[in-house]
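Structure file entry-v1.txt (compact mmCIF, C-alpha atoms) is printed below.
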```txt
# COMPACT_ATOMS: atom_id res chain seq x y z
CA MET V 784 0.00 0.00 0.00
CA LYS V 785 2.85 2.37 0.91
CA ASN V 786 4.49 1.65 -2.44
CA VAL V 787 1.26 2.52 -4.28
CA LEU V 788 0.90 5.81 -2.40
CA ALA V 789 4.52 6.69 -3.05
CA THR V 790 4.10 5.99 -6.77
CA LEU V 791 0.96 8.16 -6.96
CA LEU V 792 2.78 10.98 -5.17
CA ILE V 793 5.65 10.87 -7.65
CA ILE V 794 3.24 10.95 -10.62
CA LEU V 795 1.36 13.93 -9.19
CA CYS V 796 4.59 15.84 -8.53
CA CYS V 797 5.90 15.17 -12.04
CA SER V 798 2.57 16.22 -13.59
CA PHE V 799 2.55 19.47 -11.63
CA THR V 800 6.13 20.30 -12.61
CA TRP V 801 5.47 19.51 -16.29
CA GLY V 802 2.39 21.73 -16.33
CA GLN V 803 4.26 24.61 -14.73
CA THR V 804 7.33 24.49 -16.97
CA LYS V 805 5.73 24.21 -20.41
CA GLY V 806 5.72 27.41 -22.46
CA PRO V 807 6.55 30.37 -20.14
CA GLY V 808 4.00 33.13 -20.43
CA ILE V 809 1.20 30.78 -21.48
CA SER V 810 -1.81 30.40 -19.18
CA ASN V 811 -2.56 26.83 -18.07
CA GLN V 812 -6.25 27.43 -17.35
CA ASN V 813 -7.32 25.15 -20.20
CA GLU V 814 -4.98 22.21 -20.72
CA SER V 815 -6.25 21.30 -24.21
CA VAL V 816 -5.81 24.89 -25.40
CA PHE V 817 -2.40 25.03 -23.79
CA ASN V 818 -1.25 21.85 -25.47
CA SER V 819 -2.43 22.99 -28.90
CA PHE V 820 -0.50 26.23 -28.56
CA ASP V 821 2.59 24.35 -27.45
CA GLN V 822 2.32 22.30 -30.64
CA ASP V 823 1.44 25.18 -32.96
CA LYS V 824 3.46 28.10 -31.63
CA ASP V 825 6.30 27.63 -34.13
CA ASN V 826 3.75 28.16 -36.93
CA LEU V 827 2.08 31.20 -35.32
CA GLY V 828 5.10 33.37 -34.70
CA ARG V 829 8.59 33.27 -33.31
CA THR V 830 10.63 33.82 -30.17
CA LYS V 831 13.35 36.41 -30.43
CA ALA V 832 15.94 37.85 -28.11
CA ILE V 833 15.58 41.40 -26.82
CA VAL V 834 18.49 43.35 -28.23
CA ARG V 835 19.71 45.98 -25.81
CA THR V 836 21.65 48.82 -27.39
CA GLY V 837 23.54 51.60 -25.70
CA LYS V 838 20.89 54.15 -26.70
CA ILE V 839 18.04 54.60 -24.23
CA ILE V 840 14.64 55.85 -25.43
CA ASP V 841 12.21 56.99 -22.76
CA GLY V 842 8.48 56.26 -22.86
CA TYR V 843 6.72 53.14 -24.11
CA LYS V 844 6.15 51.57 -27.53
CA HIS V 845 3.55 49.18 -26.05
CA ILE V 846 0.01 50.25 -25.17
CA TRP V 847 0.32 48.89 -21.61
CA LYS V 848 3.20 49.84 -19.33
CA GLU V 849 3.08 46.53 -17.44
CA TRP V 850 3.26 42.99 -18.83
CA ASN V 851 0.46 41.68 -16.65
CA LYS V 852 -2.42 41.15 -19.09
CA ASN V 853 -4.07 37.83 -19.95
CA GLY V 854 -5.63 37.26 -23.33
CA VAL V 855 -7.17 34.85 -25.81
CA VAL V 856 -5.67 34.65 -29.28
CA GLU V 857 -7.91 33.37 -32.08
CA ALA V 858 -5.73 32.19 -34.96
CA THR V 859 -6.56 31.78 -38.63
CA ASN V 860 -6.31 28.01 -38.13
CA GLY V 861 -9.56 28.24 -36.13
CA LYS V 862 -7.96 27.49 -32.76
CA LYS V 863 -7.94 29.66 -29.66
CA TYR V 864 -4.99 30.03 -27.32
CA ARG V 865 -4.94 31.39 -23.78
CA VAL V 866 -1.84 33.47 -23.08
CA SER V 867 -0.53 35.58 -20.22
CA LYS V 868 1.95 38.46 -20.11
CA ILE V 869 0.71 39.67 -23.49
CA ASN V 870 1.10 43.23 -24.78
CA PHE V 871 0.62 45.10 -28.05
CA ASN V 872 3.66 46.64 -29.71
CA ALA V 873 2.25 49.79 -31.34
CA LYS V 874 5.53 50.54 -33.11
CA ASN V 875 5.64 47.21 -34.96
CA ASN V 876 1.87 46.57 -34.93
CA TRP V 877 1.99 43.08 -33.48
CA PHE V 878 1.30 41.20 -30.25
CA GLU V 879 4.10 40.02 -28.03
CA VAL V 880 4.28 37.66 -25.06
CA ASN V 881 6.93 38.22 -22.42
CA VAL V 882 8.64 34.82 -22.32
CA HIS V 883 11.78 35.69 -20.37
CA GLU V 884 13.57 38.86 -19.31
CA ASP V 885 15.71 38.63 -22.43
CA SER V 886 13.19 37.33 -25.00
CA THR V 887 9.65 37.75 -26.31
CA TYR V 888 7.34 35.62 -28.41
CA THR V 889 5.90 37.58 -31.35
CA PHE V 890 2.65 36.56 -33.06
CA ASP V 891 2.59 36.82 -36.85
CA ARG V 892 -0.41 39.14 -37.37
CA ARG V 893 -1.16 37.43 -40.69
CA LYS V 894 -1.98 34.27 -38.73
CA VAL V 895 -4.18 35.93 -36.10
CA ASN V 896 -7.87 36.77 -36.59
CA LYS V 897 -8.66 38.26 -33.22
CA VAL V 898 -7.17 38.91 -29.79
CA VAL V 899 -9.25 39.64 -26.68
CA ILE V 900 -7.46 41.16 -23.69
CA ASN V 901 -9.44 42.14 -20.59
CA ASP V 902 -12.64 42.56 -22.63
CA ARG V 903 -10.85 44.66 -25.26
CA THR V 904 -11.00 43.20 -28.77
CA PHE V 905 -8.33 43.58 -31.45
CA ILE V 906 -8.79 42.53 -35.08
CA ASN V 907 -7.02 42.76 -38.44
CA VAL V 908 -8.38 45.38 -40.83
CA GLU V 909 -7.27 46.05 -44.39
CA PHE V 910 -6.27 49.67 -45.09
CA PRO V 911 -6.65 50.20 -48.86
CA GLU V 912 -4.49 53.35 -48.99
CA SER V 913 -1.44 51.54 -47.64
CA GLN V 914 -2.44 48.24 -49.28
CA ARG V 915 -1.84 46.25 -46.10
CA SER V 916 -3.64 45.16 -42.97
CA TYR V 917 -3.15 46.53 -39.47
CA VAL V 918 -4.11 45.30 -36.04
CA VAL V 919 -6.68 47.72 -34.61
CA GLU V 920 -8.86 47.84 -31.52
CA GLN V 921 -12.58 47.35 -32.07
CA ILE V 922 -14.23 50.03 -29.94
CA ALA V 923 -17.89 49.53 -30.85
CA THR V 924 -20.20 48.24 -33.58
CA GLY V 925 -23.19 50.18 -34.88
CA LYS V 926 -26.00 49.04 -37.12
CA ASP V 927 -24.00 49.70 -40.28
CA PHE V 928 -20.53 50.63 -39.09
CA MET V 929 -17.65 49.60 -36.86
CA LEU V 930 -15.64 52.12 -34.84
CA ILE V 931 -11.98 51.11 -34.66
CA LYS V 932 -8.82 52.58 -33.15
CA LYS V 933 -5.40 52.30 -34.78
CA TYR V 934 -2.28 52.72 -32.65
CA ASP V 935 1.12 54.02 -33.69
CA VAL V 936 4.29 55.37 -32.13
CA GLU V 937 6.24 58.53 -32.82
CA ILE V 938 9.78 59.18 -31.65
CA LEU V 939 10.32 62.64 -30.17
CA TYR V 940 14.01 63.33 -30.59
CA GLY V 941 15.89 64.81 -27.67
CA SER V 942 18.19 67.80 -27.72
CA HIS V 943 21.80 68.38 -26.86
CA ASP V 944 21.46 72.02 -25.91
CA PRO V 945 24.43 72.92 -23.64
CA MET V 946 22.33 75.67 -22.03
CA ARG V 947 19.28 73.51 -21.21
CA GLY V 948 21.01 70.21 -20.82
CA THR V 949 20.69 66.95 -22.73
CA THR V 950 17.30 65.27 -23.12
CA ARG V 951 16.83 61.71 -24.38
CA ASP V 952 14.65 60.57 -27.26
CA LYS V 953 11.13 59.55 -26.20
CA TYR V 954 8.37 57.29 -27.55
CA LYS V 955 4.98 58.96 -27.90
CA LEU V 956 1.94 56.71 -28.27
CA LEU V 957 -0.49 57.88 -30.96
CA ASP V 958 -3.95 56.75 -31.98
CA ASP V 959 -6.47 57.47 -34.73
CA TYR V 960 -10.12 56.48 -34.97
CA TYR V 961 -11.81 55.18 -38.13
CA LEU V 962 -15.32 54.27 -39.19
CA LYS V 963 -15.40 51.00 -41.09
CA THR V 964 -18.45 50.64 -43.36
CA ASN V 965 -19.34 48.78 -46.55
CA GLU V 966 -17.94 51.75 -48.46
CA GLY V 967 -14.54 51.47 -46.81
CA LEU V 968 -12.61 53.28 -44.08
CA GLU V 969 -13.04 56.89 -43.03
CA LYS V 970 -11.00 58.76 -40.44
CA PHE V 971 -13.28 59.74 -37.59
CA SER V 972 -13.30 62.01 -34.55
CA PRO V 973 -15.41 60.38 -31.82
CA LYS V 974 -17.22 63.28 -30.17
CA LYS V 975 -20.79 64.09 -29.25
CA SER V 976 -21.72 65.80 -32.53
CA SER V 977 -20.16 63.19 -34.82
CA ILE V 978 -21.61 60.20 -32.94
CA THR V 979 -25.15 61.56 -32.66
CA LYS V 980 -25.04 62.53 -36.34
CA LEU V 981 -24.70 58.85 -37.23
CA TYR V 982 -28.15 58.19 -35.77
CA GLY V 983 -30.10 61.04 -37.40
CA ASN V 984 -33.50 61.56 -35.74
CA ASN V 985 -32.37 59.83 -32.53
CA ALA V 986 -29.54 62.29 -31.92
CA LYS V 987 -31.32 64.13 -29.09
CA LYS V 988 -32.26 60.89 -27.33
CA ILE V 989 -28.65 59.71 -27.46
CA ALA V 990 -27.31 63.00 -26.13
CA ALA V 991 -29.89 62.96 -23.32
CA TYR V 992 -28.99 59.36 -22.42
CA ALA V 993 -25.27 60.16 -22.25
CA LYS V 994 -25.97 63.19 -20.05
CA LYS V 995 -28.29 61.26 -17.73
CA GLU V 996 -25.84 58.38 -17.29
CA LYS V 997 -22.86 60.79 -17.09
CA LEU V 998 -21.09 59.07 -19.96
CA SER V 999 -18.22 60.63 -21.88
CA PHE V 1000 -17.92 60.46 -25.66
CA LYS V 1001 -14.14 60.66 -25.18
CA ASP V 1002 -13.87 57.50 -23.08
CA ASP V 1003 -13.75 54.34 -25.23
CA LYS V 1004 -15.62 52.11 -22.79
CA GLU V 1005 -18.34 54.69 -22.12
CA LEU V 1006 -18.58 55.50 -25.83
CA ALA V 1007 -19.24 51.81 -26.52
CA GLN V 1008 -22.06 51.94 -23.97
CA ILE V 1009 -23.56 54.99 -25.70
CA ILE V 1010 -23.44 53.24 -29.09
CA THR V 1011 -25.04 50.11 -27.63
CA TYR V 1012 -27.91 52.26 -26.41
CA ALA V 1013 -28.16 54.02 -29.77
CA ASN V 1014 -28.43 50.66 -31.53
CA SER V 1015 -31.47 49.79 -29.40
CA LEU V 1016 -33.48 52.78 -30.61
```

For this file, produce the structure as structure tokens.
Amino acid sequence: MKNVLATLLIILCCSFTWGQTKGPGISNQNESVFNSFDQDKDNLGRTKAIVRTGKIIDGYKHIWKEWNKNGVVEATNGKKYRVSKINFNAKNNWFEVNVHEDSTYTFDRRKVNKVVINDRTFINVEFPESQRSYVVEQIATGKDFMLIKKYDVEILYGSHDPMRGTTRDKYKLLDDYYLKTNEGLEKFSPKKSSITKLYGNNAKKIAAYAKKEKLSFKDDKELAQIITYANSL
């Protein structure tokens, strides 16, 4: 009996260690999803070392300062993968997983349909002017349009003014909103007048609802709530 218990204990310990060591940065909440990612990850992207140069650039090129987000990646192969320590690189327009201190796993955006992180949804959208697709955030969906947000990064170059001192280069996170309709993409400024205009005769009702609920047209989450209400009219 003691031998049986000892054997079971060894099996349990080995199973726990195996589950904890597979694929750093990948959530183990769903074992079948985890295993499929472990098998497919070489076809979905690549792991690369973080190259540290002597030049330091202040600011952030990712949309979150911390690598503490969990997400679900829906690939073009139809499978879904749970991941942790995921972030969006706005400079390169791709998702990255923090694998180790000195390396990241980068998803090939051509092989990803959708990524959901903390109830925020990101999709691939074709931009005809640049003749390529970009990963954008889906803010809200109307009856005949989708409001999306495209991220980018600008480098603000520092100065070497001997009078004012030396300042380092800095990343500045940028974003632009677009309306996606059957006719294509149109740059859009999400504000009270432009949103209510989309709903014609219901404009006053929408404005009154936003005022009553103290919702801001400038806050993405609250704007989505306003559009959800507008769709119900």

**Request:** Would you please work out which residue, of V:Arg915, V:Arg903, V:Lys997, V:Arg829, is nearest to Asn853 in chain V when using only C-alpha atoms?
**Result:**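 That would be V:Arg903, the residue with the smallest distance to Asn853 in chain V.
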
**Prompt:** Which residues come within 12 Å of Glu996 in chain V, counting only C-alpha atoms, excluding same-chain residues fewer than 2 positions away, as a ChimeraX atom specification?
**Reply:** /V:989-994,998-1000,1005-1006,1008-1009,1012

Long-range neighbours of Arg892 in chain V as a PDB file with C-alpha atoms, in the coordinates of the input, 9 Å cut-off, all atoms listed in the file, 5 positions minimum in chain:
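What ended up in part05.pdb:
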```
ATOM      1  CA  LEU V 827       2.080  31.200 -35.320  1.00  0.00           C
ATOM      2  CA  GLY V 828       5.100  33.370 -34.700  1.00  0.00           C
ATOM      3  CA  ASN V 876       1.870  46.570 -34.930  1.00  0.00           C
ATOM      4  CA  TRP V 877       1.990  43.080 -33.480  1.00  0.00           C
ATOM      5  CA  PHE V 878       1.300  41.200 -30.250  1.00  0.00           C
ATOM      6  CA  ASN V 907      -7.020  42.760 -38.440  1.00  0.00           C
ATOM      7  CA  SER V 916      -3.640  45.160 -42.970  1.00  0.00           C
ATOM      8  CA  TYR V 917      -3.150  46.530 -39.470  1.00  0.00           C
ATOM      9  CA  VAL V 918      -4.110  45.300 -36.040  1.00  0.00           C
TER      10      VAL V 918
END
```

**Request:** Using all atoms listed in the file, pick whichever of V:Gln921, V:Ser942, V:Asn875, V:Ser976 has the shortest atom-to-atom distance to Asp1003 in chain V.
**Result:**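 The closest residue to Asp1003 in chain V is V:Gln921.
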
**Request:** Name all residues at most 8 Å from Thr924 in chain V (count all atoms listed in the file; drop same-chain ones fewer than 6 positions away) and give them as a list of chain:residue names.
**Result:**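 Surrounding residues, per the criterion: V:Leu930, V:Ala1007, V:Ile1010, V:Thr1011.
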
Would you pick out the contacts of Asp958 in chain V at 10 Å or less, using all atoms listed in the file, so that residues sharing its chain but fewer than 6 positions from it are not included, and give the list as a PDB file with C-alpha atoms, keeping the file's coordinate frame?
```
ATOM      1  CA  ALA V 873       2.250  49.790 -31.340  1.00  0.00           C
ATOM      2  CA  VAL V 919      -6.680  47.720 -34.610  1.00  0.00           C
ATOM      3  CA  LYS V 932      -8.820  52.580 -33.150  1.00  0.00           C
ATOM      4  CA  LYS V 933      -5.400  52.300 -34.780  1.00  0.00           C
ATOM      5  CA  TYR V 934      -2.280  52.720 -32.650  1.00  0.00           C
ATOM      6  CA  ASP V 935       1.120  54.020 -33.690  1.00  0.00           C
ATOM      7  CA  VAL V 936       4.290  55.370 -32.130  1.00  0.00           C
TER       8      VAL V 936
END
```

**Message:** Please determine, counting all atoms listed in the file, which residue among V:Thr859, V:Thr830, V:Thr887, V:Thr979 has the shortest atom-to-atom distance to Ile906 in chain V.
**Reply:**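 Of V:Thr859, V:Thr830, V:Thr887, V:Thr979, the one nearest Ile906 in chain V is V:Thr859, counting all atoms listed in the file.
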
**Item:** Residue with smallest distance to Tyr940 in chain V - pool V:Gly842, V:Asp952, V:Glu884, V:Asn870, counting only C-alpha atoms
**Value:**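 Of V:Gly842, V:Asp952, V:Glu884, V:Asn870, the one nearest Tyr940 in chain V, counting only C-alpha atoms, is V:Asp952.
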